[in-house]
Amino acid sequence: MNWFQDWALTLSIFLPAVGMVIILLIPRAKENAIKLVALLTSLVTLGVGIGILADFDYSNTGVMQFRVNDSWIDLIQARYHLGVDGISLPMLILSMLVTVLCIVYSWNHFPEPHNPKGLLALILLLEVGMNGTFLAEDLILFFVFFEIVLLPMFFMIGVWGGPNREYASIKFFLFTLFGSALMLLGFLALFFLAGTFQIPALTAKAGIDIAHNTQNLIFLGLFLGFAIKVPMFPFHTWLPDAHTEAPTVGSVLLAAVLLKLGAYGFIRIALPTLPHAAETWAPWIGLLAVVGIIYGALCCLAQTDMKRLIAFSSVSHMGFVMLGIATLTAFGINAAIFGMVAHGLITGMLFFVAGSVQHNYGTRELSRLGGLLTSAPKMGWILGFCVMASLGLPGLAGFWGEFPAVLSAYQPAPGLDVTTFRIFMVVAAVGTVLAAGYLLWMYQRVAFGTPKPEFAEAHIHDVSKIEWLAWSPMLIGIVVFGIYPEAIFGITNGAVMKLYGG
Amino acid sequence: MMNFAWLIPAIPVVSFALILFFGKKMPRQGSEIGIAAIASSFVLSCIVTVQWIQRVDETVSEHGLGIVRAIGKGLLANSEEGVAITPVINTVEWFRIGTLEVAVGTQIDGLAVMMLFVVTLISLLVHIYSTSYMHGDVRYTYFYAALSLFTASMLTLVVAPNTLQLLVGWELVGLCSFMLIGHWWEEKANTNAALKAFLTTRTGDIGLMIGVIVTFFAAGQTFDIVQINVLALEGHGGHTIWMVGASCLLVGIIGKSGQFPLHTWLPDAMAGPTPVSALIHAATMVVAGVYLGARMYGVFWQGFSIADGGVNPMALVGGITILIGAALAFVQDDIKKVLAYSTISQLGYMVMGLGIGAWVGAVFHLFTHAFFKALLFLGAGSIAYSGTHHSFDMKKDMGGLRKHMPVTFWTFIIGSFALAGIFPLAGFWSKDEILATAGQGGYEIFMVVGLVGAFLTAGYMTRCVWLSFFGEYRGHAHPHESPKPIIVPLIVLAVFSVLAGLANASAFGIEKFKEYIEPHGEAFPEVLTPQFDVGLAALSFAIVVIAIGVGGFFWVDRRELRALKGLTDRSGTAKAGHSFLMNKYYLDHLYERGIVGGIKGPIARAAYWLNQNVIDGVVNAAGRGSAALGRLTYRFVDQDVVDKAVNSIAQETGNVGGLLRYVQSGRVQRYALMLFGAVGVLALSLVIFS
C-alpha cells in the first residue's frame, strides 16, 4: 500500500480533472457516455477517499498523513505540499461524497439550458478545487485551489441560473475575488516576514518574529478573505443571490462544501499561524458571528421564496460555526468542524428538496405552496426531517455543531474576555429559537395544509429512485452523526487538540 | 435487570423503526408492534421497580430494622446515621471533545423507577385505548410510530445520568409533542397549535440550554447529574453561580411544564388527538420540567436557598400558576381545555412543592396526578367518541351522559374526586404532603395559595362534571357506552387513582413512597419530612367539600338562575361591581359564561384577560414583531443599506475604472475572458520566472 500512501491525495485532487478532460473530449450529443464518465470519475474519487479513510491512522489524527511534499515553483519557494489530518479528513470526504450525490441527482434533473457536458465538467472541476483546498499545505497551492473553485461556480450560476443569474454570478465572483485578493496579500506578507509558504512551518513559528501590529494587519487580510467565503455578516449579501439563482446542484455544492472553505481557512491557516492576532480579533469574529446568527434568522423570517430562506439560514448557521472558532478553544473548534459537516449534509439536503419542489411545482413561492405532505408524502417527510435537523434537534447531526459551540462560548480561551463571550452565548442561544421559528414556519407553509387550488389537480411526483439514491446517504449521515457524534469528534479531536489544546 | 435498564427505552426505539418501515403492511397496521413493545417495556419497568425496592430493603435490613422504621418516619438525618442507597448507574462512552468524556447510559434510582413505571403504564394504556379511539384514522400507523418514538424519548430522558442525555430526551419529546399536536395537519388551527407549542417550549429551552452549560462549568466541566448535585450542595464555587444555574433551569421548567407565564401553549395543544393529550400533555411530557427539578434538586436547593423559607422564584412561579390555571379552568366550555388549565394548575403544585422543599410531596403529586389526569382526559375522549360525535363542547353537546355512559361516568367521578382531593383518593394525600411541608417549612403563604387552589379545583371540576354528566342531554348524537379498549384503561386508571395515594398515606403511618423514592446521600439535601397535620388535612378536605357544595348549589337551582341570566344580559358588566345586588348579578353573569362559584369570577376574568391580552399577546406580538423586524431588517437594512453599499461600491469602481462597465452591461463572457487572461498571464509569469 505504499504507493497509495504517496499517491492517494494527488489522486483525490486530480482524478476529477482527468474525468473532466475525458468529458470534454466526448461529443456533446453522447449524453449517456458523459454522464457515465462523470459518475465513474466521482465514484472512483470517492473510492480513493474511502481508501484514505481505511488507511488513516486514527491514533494519530493530529499528524499530517499521506503527505506529499515536492518542489513546485522554486522561485517563490512554493511547494506541492499536501497532507490530511483529522481536521481535513471529514471535509475531504464530505466534498467527495456531495460531488457524487450531485452527479447522481443531475441524472434526470438537468437544468435549462440543457447541457450535461458543460455542467458535469464544471462539477468535476469544482471538485478539483474543493479537494485541493482541504489538502493543501502550502499557501500558494491553497490559494490556487481556493480560486479554482470560483470559476465553475461562476459559470454554473451564470449559465444555468435563474432570471437574475448574471447579476448573481458576477456579484458572487467579485465579492469573493475581492476577499481573495486581500487574502493573497496576507499570504505574501506572511511569506516576506516568516520566509515560507509552508503551513506546518508557519504554524510552528506561530508568528513569533512578526510584530504584533503587523500580525493584526495580516490577520485582517486573511480574515476578509475567509469571512467573505463563509460568509459572515456583513459580508454575506452575495450568498442569497447566488443561492437563489444557482441551479439545484450548484446550491447544494455551494452550501455543502464551498462555504466551508472559508471556515476551514480560519482553522487551518489564520488561527494557527497568527495566534496572537487571532486573540486580538477573536471578540470581533465572535461579535459578527452572533450578529449573523440573529440577523440571518430575522432575514429568514421575511422571505417568501423557499430557496432564499434556506440561503439566509446558512448565514445564521455558519454564525454558530464561527462562534465556535472565535472561542479559540478545542471544544469550540471541534464543534465548528462538526457544525460544518452537519450543515453541509443538512443544508445540502434542504437545497435538494427545494430543487425538487421547484421541479414539481414550478415555483418556490411559499404563498403558492402547501400540502406537500398530502401531494408527495415522502418528500414532505424528508423535508420535515431536514427542518428538524436544521433547527438543531438533538439526536440529529445539527445539534452537535450548535450546542457545543454555544457551550464553548461560556469559557473561551485564556486571554479572551469572559463576559463578552457569555453575552455571545446567550445571544446565540436565542438564535436557536429563531431558527426553530423560521424553519417551522416554512415547513407549515410548504408541507402542512392542503394543496392550493392551482395545484389541486396537478400530479406531483413523489421522491423518485434517483432522488432516493442521491439523498439517502445524506439522510443516513444526519442520523448516524446525530446519534453517534464520536464518528466525527473521534477524528477531529486529536488534530484539534494538537493545534488548540493549549 | 437494573444493569440492563437501557432495554426499556431501546425497545420502543426499535418499535418506532419497525412501525415506520413495516407498520402499514401489518394486519393491524403497526399498532400491535407498538403495544407489544410498550408492554415489554412496562414489564421490564416493573421488574426494575421491584428490584429497586428489594435493593432498598436489603440495604436497610443490613442496618437493622430499627432504621427501616426510622427512615420510614423520616426521623433520622439522611446521610450521617442513615443509609446511603446509591443509584445504579451504567454508562458507556458516547463521545470525547477536548479532554472531556461524555457518557450515555442509565441511572436507576427511586425517582427513575417511579417515572419508568408511570410512563410505561400510561403509555401502554393509551396504546390500547387508541386502537379504538383512533380506529380508521387517516394516519393510524404514523400515530403509533409517533407514540413509540415519544415513549422512547421520554424513557431516555427519565434514565439520563447526565444533563446532556436529558437534554436530548427533552428535545425529542418536544418533537413528538409537535408531531402529535399537528397530527391532523390539514387544519391550519392544528398546525398553528403545534408550532406554538414547539416554539414556546423552545423559548424555555434557551434557559435549559444555558442552565446545562452553567451547571456544567460550575461543577468543574461535567454533565454528570450526581456530581453536579453534590457540588451544588457543597456550594462549590460560590452561591451565585448556582443561583444563575438554577434560575436558567427554572426557565426551562417553565416552558416545558406549562408554568406561568409560558403556559399558553398547553391549552392550544389540545388540538391533538385525545389519547395524546392524556399521555403527553397531562401525564408525562409536561412533567418533564418537574422531573428535571426533582432530578437536579441540589442545584435548586442551593441556588434558591430553599432551606431558608420565605419566597423564592420557583415557589412563586408554581404558586401563581396554581391560581391562574385554576381560575381559567372556570371559563372554558371545551372539556379538554378545562382539563388543560387544570393540568397547568396541578403542575403549579408540583413546581411550588419543589420550590418550598416538599420534594417528596411534589414527586408524589406527579405520581398521583399522572393517573387521575390521564383518566380524566381519556374519559373526555370516551365522551367524544361515544357520546357527542367528536365534540368536546360541554355546553352544546353534553349533559345527562351519566345515564348513557355509566362506566365513563363513574371513572370520571373517581378521577374528579382524586383531582379535587377527596379523602382517601390519590390527590388528597399528595396535595396534603405539599401543604403540610409548606406549613411546617416556613412557607405559610404558599400553604394558603395551595388551599385556595384546592377550593378552585373542586369548584371547576364540579362544574365540569355537572355540565357533562348531569342535566339534560343537549347533543345531537346517540350516546352509548364506549367499547372495551376504551373503558378498560379507564377502569385501570380509576383503580390507581383510588389506591396510588395510599403509597404515602402518612395519616396511617404508611410512607412507602418516601422510603423507596427519596434519595439519600450527599447528592440530595436534607429535606423536611412533615408530620401529618390532622387540622390541615381536615381544613383542606372541608374546603373541597364546600367548593363542591357551592358549585352544586349554583347548578341545582337552575330555574332561578335562568331568570337572572336575562337580567345580566340587560344590565351588562359596567354596573357589575357597584352594589351587593349587582354583585349577585355579576355572579350570574359569570354563570352564563359557565362559572361555578362566582367569587372567583372577576379573578378568573382578570386572569383570562391577562392571559389573552398580555401574555398571549406578548407571545403573538413577539412572533409578529420578529416577522416585522425581519421584514424591516430585510427591506431596509439588508436590501437598502448593506446590499446597496455593496452594489454602489461595484458601481463606483465601475464608473471610475471603466473596467466593470462590461459587468454592468451584462457581458459575462467578455468579463470571464478578461479574467482568464489575467489568470493566464499570472500563470505564465510564474512559469517563466521559476
# chains A, B, ... in the order shown; residues from 1 in each chain; ligands from 1

$ residues_around --residues "B:Thr462" --least-positions-apart "3" --cutoff "8 Å" --atoms "only C-alpha atoms" --output "PDB file with N, CA and C atoms, in the first residue's frame"
ATOM      1  N   ALA B 458     -61.769  22.090  43.184  1.00  0.00           N
ATOM      2  CA  ALA B 458     -63.030  21.407  43.441  1.00  0.00           C
ATOM      3  C   ALA B 458     -64.171  22.108  42.712  1.00  0.00           C
ATOM      4  N   GLY B 459     -64.104  23.444  42.681  1.00  0.00           N
ATOM      5  CA  GLY B 459     -65.153  24.211  42.019  1.00  0.00           C
ATOM      6  C   GLY B 459     -65.237  23.923  40.535  1.00  0.00           C
ATOM      7  N   VAL B 465     -68.060  18.331  35.757  1.00  0.00           N
ATOM      8  CA  VAL B 465     -68.821  17.083  35.877  1.00  0.00           C
ATOM      9  C   VAL B 465     -70.303  17.365  35.652  1.00  0.00           C
ATOM     10  N   TRP B 466     -70.754  18.472  36.238  1.00  0.00           N
ATOM     11  CA  TRP B 466     -72.171  18.787  36.105  1.00  0.00           C
ATOM     12  C   TRP B 466     -72.557  18.998  34.637  1.00  0.00           C
ATOM     13  N   ILE B 548     -67.420  22.080  46.387  1.00  0.00           N
ATOM     14  CA  ILE B 548     -68.338  21.242  45.623  1.00  0.00           C
ATOM     15  C   ILE B 548     -69.778  21.637  45.941  1.00  0.00           C
ATOM     16  N   GLY B 551     -70.598  24.978  44.331  1.00  0.00           N
ATOM     17  CA  GLY B 551     -70.767  24.721  42.911  1.00  0.00           C
ATOM     18  C   GLY B 551     -72.089  24.029  42.648  1.00  0.00           C
ATOM     19  N   GLY B 552     -72.371  23.025  43.450  1.00  0.00           N
ATOM     20  CA  GLY B 552     -73.619  22.269  43.282  1.00  0.00           C
ATOM     21  C   GLY B 552     -74.822  23.169  43.427  1.00  0.00           C
ATOM     22  N   VAL B 596     -68.836  28.230  37.981  1.00  0.00           N
ATOM     23  CA  VAL B 596     -69.450  27.799  39.230  1.00  0.00           C
ATOM     24  C   VAL B 596     -68.769  28.546  40.358  1.00  0.00           C
TER      25      VAL B 596
END

$ select_by_dssp --residues "stretch 250-488 of chain A" --states "alpha helix (DSSP H)" --output "ChimeraX atom specification"
/A:250-253,259-265,271-273,275-301,306-326,330-361,372-375,377-390,397-408,418-446,453-456,465-483,486-488

$ closest_residue --among "B:Ala454, B:Phe217, B:Ser391, B:Thr408" --to "A:Pro412" --atoms "only C-alpha atoms"
B:Phe217

$ residues_around --residues "A:Ile476" --least-positions-apart "4" --cutoff "12 Å" --atoms "only C-alpha atoms" --output "PyMOL selection string"
chain A and resi 342+345-346+349+382+385-386+389+396-397+468-472+480-484

$ residues_around --residues "B:Val104" --least-positions-apart "6" --cutoff "10 Å" --atoms "only C-alpha atoms" --output "PyMOL selection string"
chain B and resi 6+90-95+156+159-162+164-166

$ closest_residue --among "A:Asn360, A:Ser464, A:Ser313, A:Asn493" --to "chain B" --atoms "only C-alpha atoms"
A:Asn493

$ atom_distance --atom1 "atom CA of B:Tyr129" --atom2 "atom CA of B:Tyr460"
26.3 Å

$ closest_residue --among "A:Ala405, A:Met91, A:Leu36, A:Leu220" --to "chain B" --atoms "only C-alpha atoms"
A:Ala405

$ select_by_dssp --residues "stretch 88-322 of chain B" --states "strand (DSSP E)" --output "NGL selection string"
:B and (88-97 or 100-108)

$ write_last_selection --atoms "C-alpha atoms" --output "short mmCIF file (atom, residue, chain, number, x, y, z; two decimals), in the first residue's frame"
data_model
loop_
_atom_site.label_atom_id
_atom_site.label_comp_id
_atom_site.auth_asym_id
_atom_site.auth_seq_id
_atom_site.Cartn_x
_atom_site.Cartn_y
_atom_site.Cartn_z
CA VAL B 88 -27.37 2.08 39.94
CA ILE B 89 -25.51 3.84 37.15
CA ASN B 90 -24.39 2.16 33.94
CA THR B 91 -22.73 4.17 31.24
CA VAL B 92 -20.72 3.77 28.07
CA GLU B 93 -18.57 6.45 26.49
CA TRP B 94 -20.56 8.43 23.98
CA PHE B 95 -18.00 10.83 22.62
CA ARG B 96 -15.00 12.86 23.59
CA ILE B 97 -14.29 16.52 22.93
CA LEU B 100 -13.94 15.81 28.19
CA GLU B 101 -15.55 12.39 28.01
CA VAL B 102 -19.29 12.32 27.71
CA ALA B 103 -21.14 9.15 28.63
CA VAL B 104 -24.55 7.85 27.84
CA GLY B 105 -26.38 5.32 29.96
CA THR B 106 -28.92 4.72 32.65
CA GLN B 107 -29.27 5.92 36.19
CA ILE B 108 -31.71 3.83 38.15
#

$ residues_around --residues "stretch 419-429 of chain A" --least-positions-apart "2" --cutoff "6 Å" --atoms "only C-alpha atoms" --output "PDB file with N, CA and C atoms, in the first residue's frame"
ATOM      1  N   VAL A 290     -22.334  36.170  16.140  1.00  0.00           N
ATOM      2  CA  VAL A 290     -23.649  36.163  16.785  1.00  0.00           C
ATOM      3  C   VAL A 290     -24.593  37.157  16.117  1.00  0.00           C
ATOM      4  N   VAL A 406     -22.178  26.786  21.407  1.00  0.00           N
ATOM      5  CA  VAL A 406     -22.732  27.703  22.407  1.00  0.00           C
ATOM      6  C   VAL A 406     -22.047  27.474  23.748  1.00  0.00           C
ATOM      7  N   ALA A 409     -18.603  28.981  24.246  1.00  0.00           N
ATOM      8  CA  ALA A 409     -18.538  30.431  24.442  1.00  0.00           C
ATOM      9  C   ALA A 409     -18.600  30.809  25.919  1.00  0.00           C
ATOM     10  N   TYR A 410     -19.049  29.879  26.768  1.00  0.00           N
ATOM     11  CA  TYR A 410     -19.091  30.199  28.204  1.00  0.00           C
ATOM     12  C   TYR A 410     -17.683  30.414  28.748  1.00  0.00           C
ATOM     13  N   ASP A 417     -12.034  37.898  26.738  1.00  0.00           N
ATOM     14  CA  ASP A 417     -12.893  38.437  27.778  1.00  0.00           C
ATOM     15  C   ASP A 417     -14.109  37.537  27.999  1.00  0.00           C
ATOM     16  N   GLY A 431     -30.791  32.631  19.251  1.00  0.00           N
ATOM     17  CA  GLY A 431     -30.847  32.312  17.828  1.00  0.00           C
ATOM     18  C   GLY A 431     -31.449  30.944  17.546  1.00  0.00           C
ATOM     19  N   THR A 432     -31.272  30.002  18.475  1.00  0.00           N
ATOM     20  CA  THR A 432     -31.827  28.670  18.230  1.00  0.00           C
ATOM     21  C   THR A 432     -33.354  28.711  18.176  1.00  0.00           C
TER      22      THR A 432
ATOM     23  N   ILE B 206     -34.116  27.844  25.896  1.00  0.00           N
ATOM     24  CA  ILE B 206     -32.936  28.725  25.981  1.00  0.00           C
ATOM     25  C   ILE B 206     -32.406  28.639  27.401  1.00  0.00           C
TER      26      ILE B 206
END

$ closest_residue --among "A:Glu245, A:Glu279, A:Glu112, A:Glu166" --to "chain B" --atoms "only C-alpha atoms"
A:Glu166

$ atom_distance --atom1 "atom CA of A:Pro404" --atom2 "atom CA of A:Asp55"
29.4 Å

$ residues_around --residues "stretch 477-485 of chain B" --least-positions-apart "2" --cutoff "10 Å" --atoms "only C-alpha atoms" --output "MDAnalysis selection string"
chainID B and resid 125:133 379 381:391 397:398 400:409 473:475 487:490

$ write_last_selection --atoms "N, CA and C atoms" --output "compact mmCIF listing (two decimals), in the first residue's frame"
# COMPACT_ATOMS: atom_id res chain seq x y z
N LEU B 125 -51.53 1.92 28.38
CA LEU B 125 -52.98 2.10 28.38
C LEU B 125 -53.43 2.97 27.22
N VAL B 126 -52.65 4.00 26.94
CA VAL B 126 -53.01 4.89 25.83
C VAL B 126 -52.89 4.16 24.49
N HIS B 127 -51.91 3.30 24.39
CA HIS B 127 -51.78 2.48 23.17
C HIS B 127 -53.03 1.64 22.96
N ILE B 128 -53.47 0.99 24.04
CA ILE B 128 -54.65 0.12 23.93
C ILE B 128 -55.89 0.95 23.60
N TYR B 129 -56.03 2.04 24.34
CA TYR B 129 -57.16 2.95 24.16
C TYR B 129 -57.24 3.43 22.70
N SER B 130 -56.08 3.73 22.14
CA SER B 130 -56.08 4.32 20.79
C SER B 130 -56.48 3.33 19.71
N THR B 131 -56.35 2.02 19.97
CA THR B 131 -56.77 1.07 18.94
C THR B 131 -58.23 1.32 18.59
N SER B 132 -58.99 1.73 19.59
CA SER B 132 -60.39 2.03 19.34
C SER B 132 -60.57 3.50 18.95
N TYR B 133 -59.97 4.37 19.76
CA TYR B 133 -60.22 5.80 19.58
C TYR B 133 -59.73 6.30 18.23
N GLY B 379 -61.30 9.86 29.78
CA GLY B 379 -62.75 9.92 29.98
C GLY B 379 -63.38 10.92 29.03
N GLY B 381 -62.20 11.78 26.24
CA GLY B 381 -62.13 11.16 24.92
C GLY B 381 -63.25 10.16 24.74
N SER B 382 -63.54 9.41 25.78
CA SER B 382 -64.62 8.43 25.71
C SER B 382 -65.95 9.12 25.43
N ILE B 383 -66.17 10.26 26.09
CA ILE B 383 -67.40 11.02 25.84
C ILE B 383 -67.49 11.43 24.37
N ALA B 384 -66.35 11.98 23.88
CA ALA B 384 -66.37 12.45 22.50
C ALA B 384 -66.55 11.31 21.52
N TYR B 385 -65.99 10.15 21.87
CA TYR B 385 -66.04 9.01 20.96
C TYR B 385 -67.44 8.43 20.88
N SER B 386 -68.08 8.30 22.04
CA SER B 386 -69.36 7.58 22.05
C SER B 386 -70.55 8.44 22.41
N GLY B 387 -70.29 9.65 22.90
CA GLY B 387 -71.41 10.42 23.42
C GLY B 387 -71.76 11.65 22.60
N THR B 388 -70.80 12.25 21.97
CA THR B 388 -71.09 13.56 21.36
C THR B 388 -70.65 13.66 19.91
N HIS B 389 -70.27 12.58 19.34
CA HIS B 389 -69.82 12.62 17.95
C HIS B 389 -68.65 13.59 17.78
N HIS B 390 -67.60 13.32 18.51
CA HIS B 390 -66.33 14.04 18.39
C HIS B 390 -66.42 15.52 18.74
N SER B 391 -67.31 15.87 19.66
CA SER B 391 -67.32 17.24 20.14
C SER B 391 -66.86 17.25 21.58
N ASP B 397 -72.99 20.09 23.54
CA ASP B 397 -73.18 18.71 23.11
C ASP B 397 -73.20 17.69 24.23
N MET B 398 -73.09 18.15 25.48
CA MET B 398 -73.06 17.15 26.55
C MET B 398 -74.26 17.32 27.46
N GLY B 400 -76.22 15.14 30.93
CA GLY B 400 -77.01 13.94 31.14
C GLY B 400 -76.37 12.64 30.70
N LEU B 401 -75.06 12.67 30.49
CA LEU B 401 -74.42 11.47 29.95
C LEU B 401 -74.28 10.35 30.98
N ARG B 402 -74.55 10.65 32.26
CA ARG B 402 -74.33 9.61 33.26
C ARG B 402 -75.21 8.40 33.02
N LYS B 403 -76.38 8.67 32.45
CA LYS B 403 -77.28 7.55 32.21
C LYS B 403 -76.81 6.69 31.05
N HIS B 404 -76.20 7.32 30.07
CA HIS B 404 -75.82 6.59 28.86
C HIS B 404 -74.46 5.94 28.97
N MET B 405 -73.60 6.53 29.77
CA MET B 405 -72.22 6.05 29.82
C MET B 405 -71.81 5.82 31.27
N PRO B 406 -72.34 4.80 31.90
CA PRO B 406 -72.09 4.63 33.34
C PRO B 406 -70.62 4.43 33.69
N VAL B 407 -69.91 3.61 32.92
CA VAL B 407 -68.51 3.35 33.29
C VAL B 407 -67.70 4.64 33.15
N THR B 408 -67.89 5.30 32.02
CA THR B 408 -67.19 6.57 31.82
C THR B 408 -67.55 7.54 32.95
N PHE B 409 -68.83 7.58 33.29
CA PHE B 409 -69.28 8.50 34.34
C PHE B 409 -68.59 8.19 35.66
N TYR B 473 -79.54 15.94 28.18
CA TYR B 473 -78.60 15.77 27.08
C TYR B 473 -78.88 16.83 26.02
N ARG B 474 -77.82 17.61 25.65
CA ARG B 474 -78.01 18.71 24.73
C ARG B 474 -77.45 18.43 23.34
N GLY B 475 -76.82 17.25 23.18
CA GLY B 475 -76.17 16.96 21.91
C GLY B 475 -77.14 16.40 20.88
N ILE B 487 -62.84 1.52 27.75
CA ILE B 487 -63.22 1.54 29.17
C ILE B 487 -62.26 0.75 30.05
N VAL B 488 -61.57 -0.24 29.49
CA VAL B 488 -60.62 -0.97 30.34
C VAL B 488 -59.52 -0.05 30.86
N PRO B 489 -58.88 0.74 29.99
CA PRO B 489 -57.89 1.68 30.53
C PRO B 489 -58.49 2.64 31.57
N LEU B 490 -59.75 3.04 31.34
CA LEU B 490 -60.39 3.93 32.32
C LEU B 490 -60.48 3.25 33.68

$ atom_distance --atom1 "atom CA of A:Arg445" --atom2 "atom CA of A:Ile294"
21.9 Å

$ residues_around --residues "B:Gly353" --least-positions-apart "6" --cutoff "12 Å" --atoms "only C-alpha atoms" --output "PyMOL selection string"
chain B and resi 290+293-294+297+306+312+314-319+322+346-347+359-366+430-439+441+443+446-447+449-450+527-528

$ write_last_selection --atoms "C-alpha atoms" --output "compact mmCIF listing (two decimals), in the first residue's frame"
# COMPACT_ATOMS: atom_id res chain seq x y z
CA VAL B 290 -40.90 18.90 37.28
CA GLY B 293 -36.42 20.00 39.08
CA ALA B 294 -36.52 16.84 41.16
CA TYR B 297 -32.69 19.28 43.24
CA ILE B 306 -34.87 26.66 49.66
CA ASN B 312 -38.17 32.14 46.10
CA MET B 314 -39.52 28.59 42.00
CA ALA B 315 -42.20 28.58 44.67
CA LEU B 316 -43.55 31.87 43.36
CA VAL B 317 -43.86 30.64 39.79
CA GLY B 318 -45.58 27.49 40.98
CA GLY B 319 -47.92 29.38 43.29
CA ILE B 322 -51.81 27.20 40.58
CA GLN B 346 -51.61 20.98 39.14
CA LEU B 347 -48.17 21.33 37.60
CA TRP B 359 -39.54 17.14 47.29
CA VAL B 360 -41.46 14.04 48.26
CA GLY B 361 -44.76 15.86 48.03
CA ALA B 362 -44.02 17.25 44.57
CA VAL B 363 -42.82 13.93 43.18
CA PHE B 364 -45.70 12.12 44.85
CA HIS B 365 -48.14 14.56 43.31
CA LEU B 366 -46.53 13.98 39.93
CA SER B 430 -50.15 14.09 47.59
CA LYS B 431 -51.58 17.57 47.90
CA ASP B 432 -51.65 17.27 51.65
CA GLU B 433 -47.98 16.33 51.66
CA ILE B 434 -47.13 19.56 49.83
CA LEU B 435 -49.38 21.72 52.00
CA ALA B 436 -48.05 20.21 55.21
CA THR B 437 -44.46 20.81 54.16
CA ALA B 438 -45.34 24.39 53.26
CA GLY B 439 -46.93 24.94 56.63
CA GLY B 441 -41.16 24.56 56.49
CA TYR B 443 -43.67 28.71 53.58
CA PHE B 446 -47.78 29.06 49.84
CA MET B 447 -49.85 26.83 52.05
CA VAL B 449 -52.14 29.52 48.00
CA GLY B 450 -52.40 25.75 47.91
CA VAL B 527 -35.44 17.95 53.10
CA LEU B 528 -38.06 18.37 55.75

$ closest_residue --among "B:Ile11, B:Ala246, B:Ile517, B:Ile445" --to "B:Ala218" --atoms "only C-alpha atoms"
B:Ala246

$ closest_residue --among "A:Trp160, A:Phe448, A:Tyr438, A:Phe145" --to "chain B" --atoms "only C-alpha atoms"
A:Phe448
